[in-house]
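Peer 1: First the structure, which I've put down as structure tokens, then a few questions once you've had a look.
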2 protein chains.
Amino acid sequence: MIADFASFKSDLSLSKRQICRELYHQNRDLIRVRNEDIAVGNLVRIIDSTLKLAASKGFHAMSLRDLSADCRLSIGGLYAYIRNKDDLLHLIQAHGFMLTRRTLLAYTQDIACPRAKLRTAIKAHIFLSELMQPWFYFSFMETKSLPDVHKKQAIDVELEIEDILFGIIQEGIAQDVFAVEQPRLVASSCKAMMQDWYLKRHKYARQQVKATQYATFVSDVLERYLHPTPKL
Amino acid sequence: MIADFASFKSDLSLSKRQICRELYHQNRDLIRVRNEDIAVGNLVRIIDSTLKLAASKGFHAMSLRDLSADCRLSIGGLYAYIRNKDDLLHLIQAHGFMLTRRTLLAYTQDIACPRAKLRTAIKAHIFLSELMQPWFYFSFMETKSLPDVHKKQAIDVELEIEDILFGIIQEGIAQDVFAVEQPRLVASSCKAMMQDWYLKRHKYARQQVKATQYATFVSDVLERYLHPTPKL
DNA sequence: GTCTATAGCATGATAGAC
DNA sequence: GTCTATCATGCTATAGAC
């Protein structure tokens, strides 16, 4: 179960350094720098800068000169970590996919009650995208311009998330906890609302809405719709 | 009132040619071609091609060579319609803004009942984005890389739409038709679901969901949440 | 009104000094 | 391991022929 945002965060132990250390080991063959500490430190800055620049101008519009300036590495130095610009995409995508899939399944698999399971899935996704907002935003925005193989991967992960939600709703229907004619549409709209949390981060921040509050709201909206006998 | 999709479409008389004719007159100073029929015909192809190419690779990744090839105009010929690549952005944005704002207000302003008003606003937005899907998608995707003035414009239009929804919900609360603690969040989630209709067009097409059906679904979800005494 | 040809420049990528 | 210097490429934008 997820208690609150703070405990979710520490459970995942999602420090940037840790993520980049994993990334470094996954891509040893690609990265020409052997000293782990130096490499990880530079990776953190490279990825931070890429997500930042891509968020403001788009990945394609960002030049490697922009990037090298922002992450305080020379062009030459940068090329010790990637062979080309597409490697950057791959580097950033790979870890996010793994983490999303892993997290969502881990938190939902042991829950029997469909209502609790749905609430948990929503909470887990919103908390995760809160911690990794730049990654989620990047992934959504750049998917369309990915080379075919990576594009398919990205779309598959998206569908997988929706299928998890869909599955939970169907369980609920089977157990007579939920009653609804178009369960697939409910899953889609759930996805849409969760998506808005990382796409329109600024808007919600201005309204001073917190992740926990938003998760509760989304769950409430869906539950009212899914409930078979609304408060008789 | 909106009867069905077909009548909405003919009411709006949204032929590409007509939109481009308006665009041509709005930008007479910019466009160096004096023969209206030729100019309008070429504008249709230029904009069609831009929306198409930008949707698949992103606006920045699309070169003017790609564009000129796709719209069957030489590079030189293309430059009779725009001074530079940014003019293209402006050309495409301007008309969409006007149309969205105008349509939403026109269909909602004379409705007194908040419930009917909300349903109509949702329907109008979904129908409009169905007719202009490539434009809505483009606008969403490219807003971030717009020059500051145009970026502000784009964000303002977005907020305006949300404010219209918010206003309707507040009217409903004042009239005791709706009861809800966080009306702003309801407006946001409404926007998020309407947005998904044009962002994930392919997904809904695969599920064979039609615009009318989707509009009804979104309205139902929100109404169940907004209703003060759920089916007592 | 549209074409072809090309100027001028910024970019991704590499090679070799430190 | 990182830097500076440089190359080849592909881009936007223009000039002048038709």
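Just so we're on the same page: first chain in the structure tokens is A, next is B, and so on; residues restart at 1 for each chain, and ligands are numbered from 1 in the order they show up.
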Quick check: residues of chain B within 10 Å of chain D, only C-alpha atoms (C1' of nucleotides), returned as a PyMOL selection string.
Peer 2: chain B and resi 63-65+75-76+79+83-85
Peer 1: Please produce a file of the residues just selected, as a compact mmCIF listing (two decimals), in the first residue's frame, where the atoms kept are C-alpha atoms.
Peer 2:
# COMPACT_ATOMS: atom_id res chain seq x y z
CA SER B 63 12.51 21.26 -43.25
CA LEU B 64 11.13 23.70 -45.77
CA ARG B 65 12.46 21.33 -48.41
CA ILE B 75 11.20 26.60 -52.21
CA GLY B 76 11.07 29.91 -54.04
CA TYR B 79 8.50 32.05 -49.97
CA ARG B 83 8.80 35.50 -45.05
CA ASN B 84 10.25 32.83 -42.81
CA LYS B 85 9.40 29.64 -40.97
Peer 1: Give the helix (DSSP H, G or I) residues of chain B, as assigned by DSSP on the backbone, as a PyMOL selection string.
Peer 2: chain B and resi 5-12+16-26+36-57+64-70+75-78+85-108+114-131+133-145+148-174+183-199+201-206+211-226
Peer 1: Residues of chain C were defined as contacting chain B if any atom lay at most 9 Å from it, counting only C-alpha atoms (C1' of nucleotides); please report them as a ChimeraX atom specification.
Peer 2: /C:1-4
Peer 1: Give me a file of those residues, with N, CA, C and O atoms (P, O5', C5', C4', C3', O3' and C1' of nucleotides), as a short mmCIF file (atom, residue, chain, number, x, y, z; two decimals), in the first residue's frame.
Peer 2:
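Everything below was put into out04.cif:
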data_model
loop_
_atom_site.label_atom_id
_atom_site.label_comp_id
_atom_site.auth_asym_id
_atom_site.auth_seq_id
_atom_site.Cartn_x
_atom_site.Cartn_y
_atom_site.Cartn_z
P DG C 1 0.18 37.22 -59.04
"O5'" DG C 1 1.02 35.84 -59.21
"C5'" DG C 1 0.36 34.85 -60.00
"C4'" DG C 1 1.28 33.66 -60.12
"C3'" DG C 1 1.76 33.10 -58.80
"O3'" DG C 1 1.57 31.69 -58.91
"C1'" DG C 1 3.62 33.56 -60.21
P DT C 2 1.97 30.65 -57.83
"O5'" DT C 2 3.31 30.01 -58.38
"C5'" DT C 2 3.28 29.29 -59.60
"C4'" DT C 2 4.71 29.03 -60.04
"C3'" DT C 2 5.55 28.28 -59.01
"O3'" DT C 2 5.82 26.97 -59.51
"C1'" DT C 2 6.77 30.03 -60.06
P DC C 3 6.77 25.99 -58.72
"O5'" DC C 3 8.18 26.17 -59.46
"C5'" DC C 3 8.33 25.69 -60.80
"C4'" DC C 3 9.64 26.20 -61.38
"C3'" DC C 3 10.88 25.66 -60.67
"O3'" DC C 3 11.37 24.50 -61.35
"C1'" DC C 3 11.05 28.03 -61.06
P DT C 4 12.48 23.64 -60.58
"O5'" DT C 4 13.88 24.26 -61.01
"C5'" DT C 4 14.16 24.72 -62.33
"C4'" DT C 4 15.50 25.45 -62.31
"C3'" DT C 4 16.62 24.70 -61.61
"O3'" DT C 4 17.84 24.88 -62.34
"C1'" DT C 4 16.31 26.78 -60.56
#
Peer 1: Could you fit chain A onto chain B by least squares over every C-alpha atom, paired in order, and give me the moved chain as a CSV table (one decimal) with C-alpha atoms, in the first residue's frame?
Peer 2:
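Output (out-v4.csv):
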chain,number,residue,atom,x,y,z
A,1,MET,CA,-28.4,24.2,-29.7
A,2,ILE,CA,-26.4,21.5,-31.4
A,3,ALA,CA,-28.4,18.8,-32.9
A,4,ASP,CA,-25.9,16.3,-34.3
A,5,PHE,CA,-22.4,16.3,-35.8
A,6,ALA,CA,-23.6,16.7,-39.4
A,7,SER,CA,-25.6,19.8,-38.7
A,8,PHE,CA,-22.8,21.3,-36.5
A,9,LYS,CA,-20.5,20.8,-39.4
A,10,SER,CA,-22.7,22.5,-41.9
A,11,ASP,CA,-23.5,25.4,-39.5
A,12,LEU,CA,-19.8,26.1,-39.2
A,13,SER,CA,-19.3,25.7,-42.9
A,14,LEU,CA,-15.7,24.7,-42.2
A,15,SER,CA,-14.4,23.8,-45.6
A,16,LYS,CA,-10.6,24.1,-45.8
A,17,ARG,CA,-11.0,26.4,-48.8
A,18,GLN,CA,-13.1,28.8,-46.8
A,19,ILE,CA,-10.8,28.9,-43.9
A,20,CYS,CA,-7.8,29.6,-46.2
A,21,ARG,CA,-9.7,32.3,-48.0
A,22,GLU,CA,-10.2,34.1,-44.7
A,23,LEU,CA,-6.6,33.5,-43.9
A,24,TYR,CA,-5.5,35.0,-47.2
A,25,HIS,CA,-7.5,38.2,-46.6
A,26,GLN,CA,-6.2,38.5,-43.1
A,27,ASN,CA,-2.6,38.3,-44.4
A,28,ARG,CA,-2.7,40.2,-47.6
A,29,ASP,CA,0.3,42.3,-46.6
A,30,LEU,CA,2.4,39.2,-46.0
A,31,ILE,CA,1.5,37.1,-49.1
A,32,ARG,CA,3.0,38.3,-52.3
A,33,VAL,CA,0.5,36.5,-54.6
A,34,ARG,CA,-2.3,38.7,-55.9
A,35,ASN,CA,-4.5,36.2,-57.7
A,36,GLU,CA,-6.9,35.1,-55.0
A,37,ASP,CA,-7.9,31.7,-56.4
A,38,ILE,CA,-4.3,30.6,-57.0
A,39,ALA,CA,-3.2,31.9,-53.6
A,40,VAL,CA,-6.0,30.1,-51.7
A,41,GLY,CA,-5.4,26.9,-53.5
A,42,ASN,CA,-1.7,27.0,-52.6
A,43,LEU,CA,-2.4,28.0,-49.0
A,44,VAL,CA,-4.7,25.0,-48.6
A,45,ARG,CA,-1.8,22.7,-49.7
A,46,ILE,CA,0.8,24.5,-47.7
A,47,ILE,CA,-1.2,24.3,-44.5
A,48,ASP,CA,-2.3,20.8,-45.1
A,49,SER,CA,1.3,19.7,-45.6
A,50,THR,CA,2.6,21.6,-42.6
A,51,LEU,CA,0.1,20.1,-40.3
A,52,LYS,CA,0.8,16.7,-41.7
A,53,LEU,CA,4.6,16.9,-41.5
A,54,ALA,CA,4.6,18.6,-38.1
A,55,ALA,CA,2.4,15.9,-36.7
A,56,SER,CA,4.8,13.2,-37.7
A,57,LYS,CA,8.2,14.7,-37.0
A,58,GLY,CA,7.5,18.0,-35.2
A,59,PHE,CA,7.5,21.5,-36.7
A,60,HIS,CA,11.2,22.2,-36.0
A,61,ALA,CA,12.4,18.9,-37.5
A,62,MET,CA,10.4,19.6,-40.7
A,63,SER,CA,12.6,21.4,-43.2
A,64,LEU,CA,11.2,23.8,-45.7
A,65,ARG,CA,12.5,21.4,-48.4
A,66,ASP,CA,10.3,18.6,-47.0
A,67,LEU,CA,7.4,21.0,-47.0
A,68,SER,CA,8.0,22.4,-50.5
A,69,ALA,CA,8.2,18.8,-51.8
A,70,ASP,CA,5.0,17.8,-50.0
A,71,CYS,CA,2.9,20.7,-51.1
A,72,ARG,CA,4.2,20.7,-54.7
A,73,LEU,CA,5.7,24.2,-54.6
A,74,SER,CA,9.3,25.1,-55.1
A,75,ILE,CA,11.2,26.6,-52.2
A,76,GLY,CA,11.1,29.9,-54.0
A,77,GLY,CA,7.4,29.6,-54.6
A,78,LEU,CA,6.8,28.8,-51.0
A,79,TYR,CA,8.5,32.1,-50.0
A,80,ALA,CA,5.8,34.1,-51.8
A,81,TYR,CA,3.5,33.1,-49.0
A,82,ILE,CA,5.7,33.4,-46.0
A,83,ARG,CA,8.8,35.5,-45.1
A,84,ASN,CA,10.2,32.9,-42.8
A,85,LYS,CA,9.4,29.7,-41.0
A,86,ASP,CA,7.9,31.6,-38.0
A,87,ASP,CA,5.3,33.2,-40.3
A,88,LEU,CA,4.0,29.7,-41.0
A,89,LEU,CA,3.4,29.2,-37.3
A,90,HIS,CA,1.5,32.5,-37.1
A,91,LEU,CA,-0.5,31.7,-40.2
A,92,ILE,CA,-1.7,28.5,-38.7
A,93,GLN,CA,-2.3,29.6,-35.2
A,94,ALA,CA,-4.3,32.8,-35.9
A,95,HIS,CA,-7.3,31.4,-37.5
A,96,GLY,CA,-7.7,28.5,-35.1
A,97,PHE,CA,-7.7,30.7,-32.1
A,98,MET,CA,-10.5,32.9,-33.6
A,99,LEU,CA,-12.6,30.0,-34.6
A,100,THR,CA,-12.3,28.2,-31.2
A,101,ARG,CA,-13.2,31.2,-29.1
A,102,ARG,CA,-16.0,32.3,-31.4
A,103,THR,CA,-17.6,28.8,-31.6
A,104,LEU,CA,-17.6,28.0,-28.0
A,105,LEU,CA,-19.1,31.3,-26.9
A,106,ALA,CA,-21.7,31.3,-29.8
A,107,TYR,CA,-23.1,27.9,-28.8
A,108,THR,CA,-23.2,28.5,-25.0
A,109,GLN,CA,-24.2,32.1,-24.5
A,110,ASP,CA,-27.9,31.8,-24.9
A,111,ILE,CA,-28.4,28.7,-22.7
A,112,ALA,CA,-29.8,29.4,-19.2
A,113,CYS,CA,-29.7,25.9,-17.6
A,114,PRO,CA,-26.2,25.1,-16.4
A,115,ARG,CA,-26.6,21.4,-17.0
A,116,ALA,CA,-27.6,21.9,-20.7
A,117,LYS,CA,-24.9,24.6,-21.0
A,118,LEU,CA,-22.1,22.3,-19.8
A,119,ARG,CA,-23.2,19.5,-22.1
A,120,THR,CA,-23.4,21.9,-25.0
A,121,ALA,CA,-19.9,23.4,-24.3
A,122,ILE,CA,-18.4,19.9,-24.2
A,123,LYS,CA,-20.2,18.8,-27.3
A,124,ALA,CA,-19.2,22.0,-29.2
A,125,HIS,CA,-15.5,21.6,-28.2
A,126,ILE,CA,-15.4,17.9,-29.1
A,127,PHE,CA,-17.1,18.5,-32.4
A,128,LEU,CA,-14.9,21.4,-33.3
A,129,SER,CA,-11.7,19.5,-32.5
A,130,GLU,CA,-13.0,16.6,-34.5
A,131,LEU,CA,-13.3,18.8,-37.6
A,132,MET,CA,-10.0,20.6,-36.9
A,133,GLN,CA,-8.0,17.7,-35.3
A,134,PRO,CA,-4.7,18.5,-37.1
A,135,TRP,CA,-4.9,22.1,-36.1
A,136,PHE,CA,-5.7,21.3,-32.4
A,137,TYR,CA,-2.9,18.7,-32.3
A,138,PHE,CA,-0.4,21.1,-33.9
A,139,SER,CA,-1.4,23.9,-31.5
A,140,PHE,CA,-0.9,21.7,-28.4
A,141,MET,CA,2.4,20.3,-29.5
A,142,GLU,CA,4.1,23.5,-30.8
A,143,THR,CA,2.9,26.0,-28.2
A,144,LYS,CA,6.0,25.5,-26.1
A,145,SER,CA,8.4,26.4,-28.9
A,146,LEU,CA,6.5,29.5,-29.9
A,147,PRO,CA,8.1,33.0,-29.7
A,148,ASP,CA,7.0,34.7,-26.5
A,149,VAL,CA,4.1,36.8,-27.7
A,150,HIS,CA,2.4,33.9,-29.6
A,151,LYS,CA,3.1,31.6,-26.7
A,152,LYS,CA,1.2,33.9,-24.4
A,153,GLN,CA,-1.7,34.1,-26.8
A,154,ALA,CA,-1.9,30.3,-27.0
A,155,ILE,CA,-1.9,29.8,-23.3
A,156,ASP,CA,-4.5,32.5,-22.9
A,157,VAL,CA,-6.9,30.8,-25.3
A,158,GLU,CA,-6.4,27.6,-23.3
A,159,LEU,CA,-7.2,29.3,-20.0
A,160,GLU,CA,-10.2,31.0,-21.6
A,161,ILE,CA,-11.7,27.7,-22.5
A,162,GLU,CA,-11.2,26.4,-19.0
A,163,ASP,CA,-12.7,29.6,-17.5
A,164,ILE,CA,-15.8,29.1,-19.6
A,165,LEU,CA,-16.2,25.6,-18.2
A,166,PHE,CA,-15.5,26.9,-14.7
A,167,GLY,CA,-18.0,29.7,-15.1
A,168,ILE,CA,-20.7,27.2,-16.1
A,169,ILE,CA,-20.0,25.0,-13.1
A,170,GLN,CA,-20.1,28.0,-10.7
A,171,GLU,CA,-23.5,29.1,-12.2
A,172,GLY,CA,-24.7,25.6,-11.5
A,173,ILE,CA,-23.5,25.7,-7.9
A,174,ALA,CA,-25.2,29.1,-7.4
A,175,GLN,CA,-28.5,27.6,-8.7
A,176,ASP,CA,-28.1,24.5,-6.6
A,177,VAL,CA,-28.0,22.3,-9.6
A,178,PHE,CA,-24.5,21.2,-9.0
A,179,ALA,CA,-22.7,20.5,-5.7
A,180,VAL,CA,-19.0,20.1,-5.6
A,181,GLU,CA,-16.1,21.2,-3.4
A,182,GLN,CA,-13.4,21.8,-6.1
A,183,PRO,CA,-15.1,23.3,-9.2
A,184,ARG,CA,-11.8,24.4,-10.6
A,185,LEU,CA,-10.5,20.9,-10.7
A,186,VAL,CA,-13.7,19.7,-12.3
A,187,ALA,CA,-13.2,22.2,-15.1
A,188,SER,CA,-9.5,21.1,-15.5
A,189,SER,CA,-10.5,17.4,-15.8
A,190,CYS,CA,-13.2,18.3,-18.3
A,191,LYS,CA,-10.5,20.1,-20.3
A,192,ALA,CA,-8.2,17.1,-20.0
A,193,MET,CA,-10.8,14.7,-21.3
A,194,MET,CA,-11.7,16.9,-24.2
A,195,GLN,CA,-8.0,17.3,-25.0
A,196,ASP,CA,-7.5,13.6,-25.1
A,197,TRP,CA,-10.0,13.4,-28.0
A,198,TYR,CA,-7.7,15.3,-30.4
A,199,LEU,CA,-4.4,14.1,-28.9
A,200,LYS,CA,-5.2,10.4,-29.1
A,201,ARG,CA,-7.4,10.5,-32.1
A,202,HIS,CA,-6.0,7.1,-33.4
A,203,LYS,CA,-6.8,5.3,-30.2
A,204,TYR,CA,-10.4,6.3,-30.2
A,205,ALA,CA,-10.8,5.6,-33.9
A,206,ARG,CA,-9.5,2.1,-33.3
A,207,GLN,CA,-12.1,1.6,-30.5
A,208,GLN,CA,-14.7,2.9,-33.0
A,209,VAL,CA,-15.9,5.6,-30.6
A,210,LYS,CA,-17.6,8.5,-32.4
A,211,ALA,CA,-17.5,12.1,-31.4
A,212,THR,CA,-21.1,12.2,-30.3
A,213,GLN,CA,-20.6,9.1,-28.1
A,214,TYR,CA,-17.5,10.5,-26.5
A,215,ALA,CA,-19.2,13.9,-25.8
A,216,THR,CA,-22.0,12.1,-24.1
A,217,PHE,CA,-19.6,9.9,-22.1
A,218,VAL,CA,-17.6,12.9,-20.8
A,219,SER,CA,-20.8,14.8,-19.9
A,220,ASP,CA,-22.1,11.8,-18.0
A,221,VAL,CA,-19.0,11.3,-16.0
A,222,LEU,CA,-18.9,14.9,-15.0
A,223,GLU,CA,-22.6,15.1,-14.2
A,224,ARG,CA,-22.6,12.2,-11.9
A,225,TYR,CA,-19.8,13.9,-10.0
A,226,LEU,CA,-21.5,17.3,-10.0
A,227,HIS,CA,-25.0,16.1,-9.1
A,228,PRO,CA,-25.8,17.1,-5.5
A,229,THR,CA,-28.1,14.1,-4.6
A,230,PRO,CA,-27.2,11.2,-6.8
A,231,LYS,CA,-30.4,9.5,-7.8
A,232,LEU,CA,-32.1,9.4,-4.5
